[in-house]
Amino acid sequence: MTPFIKKKEIKKDWYIIDAKDAAVGRLASYISKVLRGKNKPTFNPHIDNGDFVIVKNIEKIKFSGKKFTNKKYFKHTGHPGGIKEISPSIFKEKNKSEEILKLAVRRMLPGGPLAKKQLTKLKIYKGDSHPHEKQNPKEIQFTNLNRKNLIKE
């Protein structure tokens, strides 16, 4: 049985992941697991027990196959005929590479106010630098966890 953890007993760690040549879907599923706290033995679905995740080099993230041009993200405005679609290549052209990963992670979290709170613990940066050095983040070698996490061209 999983022990209940009190709010004052929750310890939030900081992790840093380098997204260079990482597969988007695999990275998003790993990040959503860490944000929810499913990697801890004290996981409870109704408690925000997750950790902070810093992702760097987001502009070097990769898709497998032809997903970069063929994949479509849909949203609806709520008005008749208001369906909008956008592809990852358009996000890249607009210099919004971080939106690709954020959208993937958001859709892997359950809906509701707790998921929105957990998504705020995701910090995404272009390049190697980030302003969270004081938190002493632990580095996760994501591309070394599984050979399928790394996409070579």
# chains A, B, ... in the order shown; residues from 1 in each chain; ligands from 1
$ residues_around --residues "His46 (chain A)" --least-positions-apart "5" --cutoff "12 Å" --atoms "only C-alpha atoms" --output "ChimeraX atom specification"
/A:4-7,36-38,110,112-115,117-118
$ select_by_dssp --residues "region 43-107 of chain A" --states "strand (DSSP E)" --output "PyMOL selection string"
chain A and resi 52-56+73-76+83-86
$ atom_distance --atom1 "CA of Asp51 (chain A)" --atom2 "CA of Glu9 (chain A)"
13.6 Å
$ select_by_dssp --residues "chain A" --states "helix (DSSP H, G or I)" --output "ChimeraX atom specification"
/A:7-9,24-36,58-60,67-70,88-93,97-108,113-119,133-135,142-145,147-149
$ write_last_selection --atoms "C-alpha atoms" --output "tab-separated table (two decimals), in the first residue's frame"
chain	number	residue	atom	x	y	z
A	7	LYS	CA	2.03	18.49	2.23
A	8	LYS	CA	4.91	19.52	4.49
A	9	GLU	CA	6.72	16.22	3.82
A	24	VAL	CA	9.48	14.61	-28.90
A	25	GLY	CA	6.88	12.05	-27.81
A	26	ARG	CA	9.25	9.99	-25.70
A	27	LEU	CA	10.63	13.11	-24.03
A	28	ALA	CA	7.12	14.46	-23.35
A	29	SER	CA	5.95	11.20	-21.76
A	30	TYR	CA	9.03	11.07	-19.51
A	31	ILE	CA	8.59	14.72	-18.47
A	32	SER	CA	4.88	14.26	-17.71
A	33	LYS	CA	5.74	11.29	-15.51
A	34	VAL	CA	8.26	13.38	-13.52
A	35	LEU	CA	5.92	16.39	-13.28
A	36	ARG	CA	3.15	14.23	-11.81
A	58	ILE	CA	14.74	22.86	-27.22
A	59	GLU	CA	15.44	24.16	-30.73
A	60	LYS	CA	17.36	20.91	-31.48
A	67	LYS	CA	6.00	13.94	-38.48
A	68	PHE	CA	7.80	17.29	-38.58
A	69	THR	CA	5.87	18.31	-41.70
A	70	ASN	CA	2.84	15.96	-41.72
A	88	PRO	CA	5.48	21.57	-35.89
A	89	SER	CA	7.25	23.07	-38.90
A	90	ILE	CA	5.13	26.23	-38.55
A	91	PHE	CA	5.99	26.41	-34.82
A	92	LYS	CA	9.68	26.19	-35.79
A	93	GLU	CA	9.30	28.94	-38.43
A	97	SER	CA	10.09	25.46	-30.58
A	98	GLU	CA	9.20	25.35	-26.88
A	99	GLU	CA	5.47	25.29	-27.74
A	100	ILE	CA	5.89	21.92	-29.49
A	101	LEU	CA	7.08	20.21	-26.30
A	102	LYS	CA	4.74	22.15	-24.02
A	103	LEU	CA	1.75	21.11	-26.12
A	104	ALA	CA	2.84	17.47	-26.08
A	105	VAL	CA	3.35	17.46	-22.29
A	106	ARG	CA	0.07	19.28	-21.63
A	107	ARG	CA	-1.86	16.65	-23.57
A	108	MET	CA	-0.18	13.84	-21.60
A	113	PRO	CA	-6.54	22.44	-12.12
A	114	LEU	CA	-3.88	20.08	-10.72
A	115	ALA	CA	-2.46	19.46	-14.20
A	116	LYS	CA	-2.22	23.20	-14.85
A	117	LYS	CA	-0.31	23.61	-11.59
A	118	GLN	CA	2.01	20.72	-12.52
A	119	LEU	CA	2.66	22.22	-15.97
A	133	GLU	CA	21.68	27.26	-11.32
A	134	LYS	CA	20.97	27.97	-7.63
A	135	GLN	CA	18.53	25.05	-7.43
A	142	PHE	CA	17.60	11.17	-21.40
A	143	THR	CA	19.04	9.99	-24.71
A	144	ASN	CA	21.08	7.32	-22.86
A	145	LEU	CA	18.03	5.80	-21.10
A	147	ARG	CA	18.37	3.84	-27.76
A	148	LYS	CA	15.03	4.90	-29.28
A	149	ASN	CA	15.14	8.23	-27.39
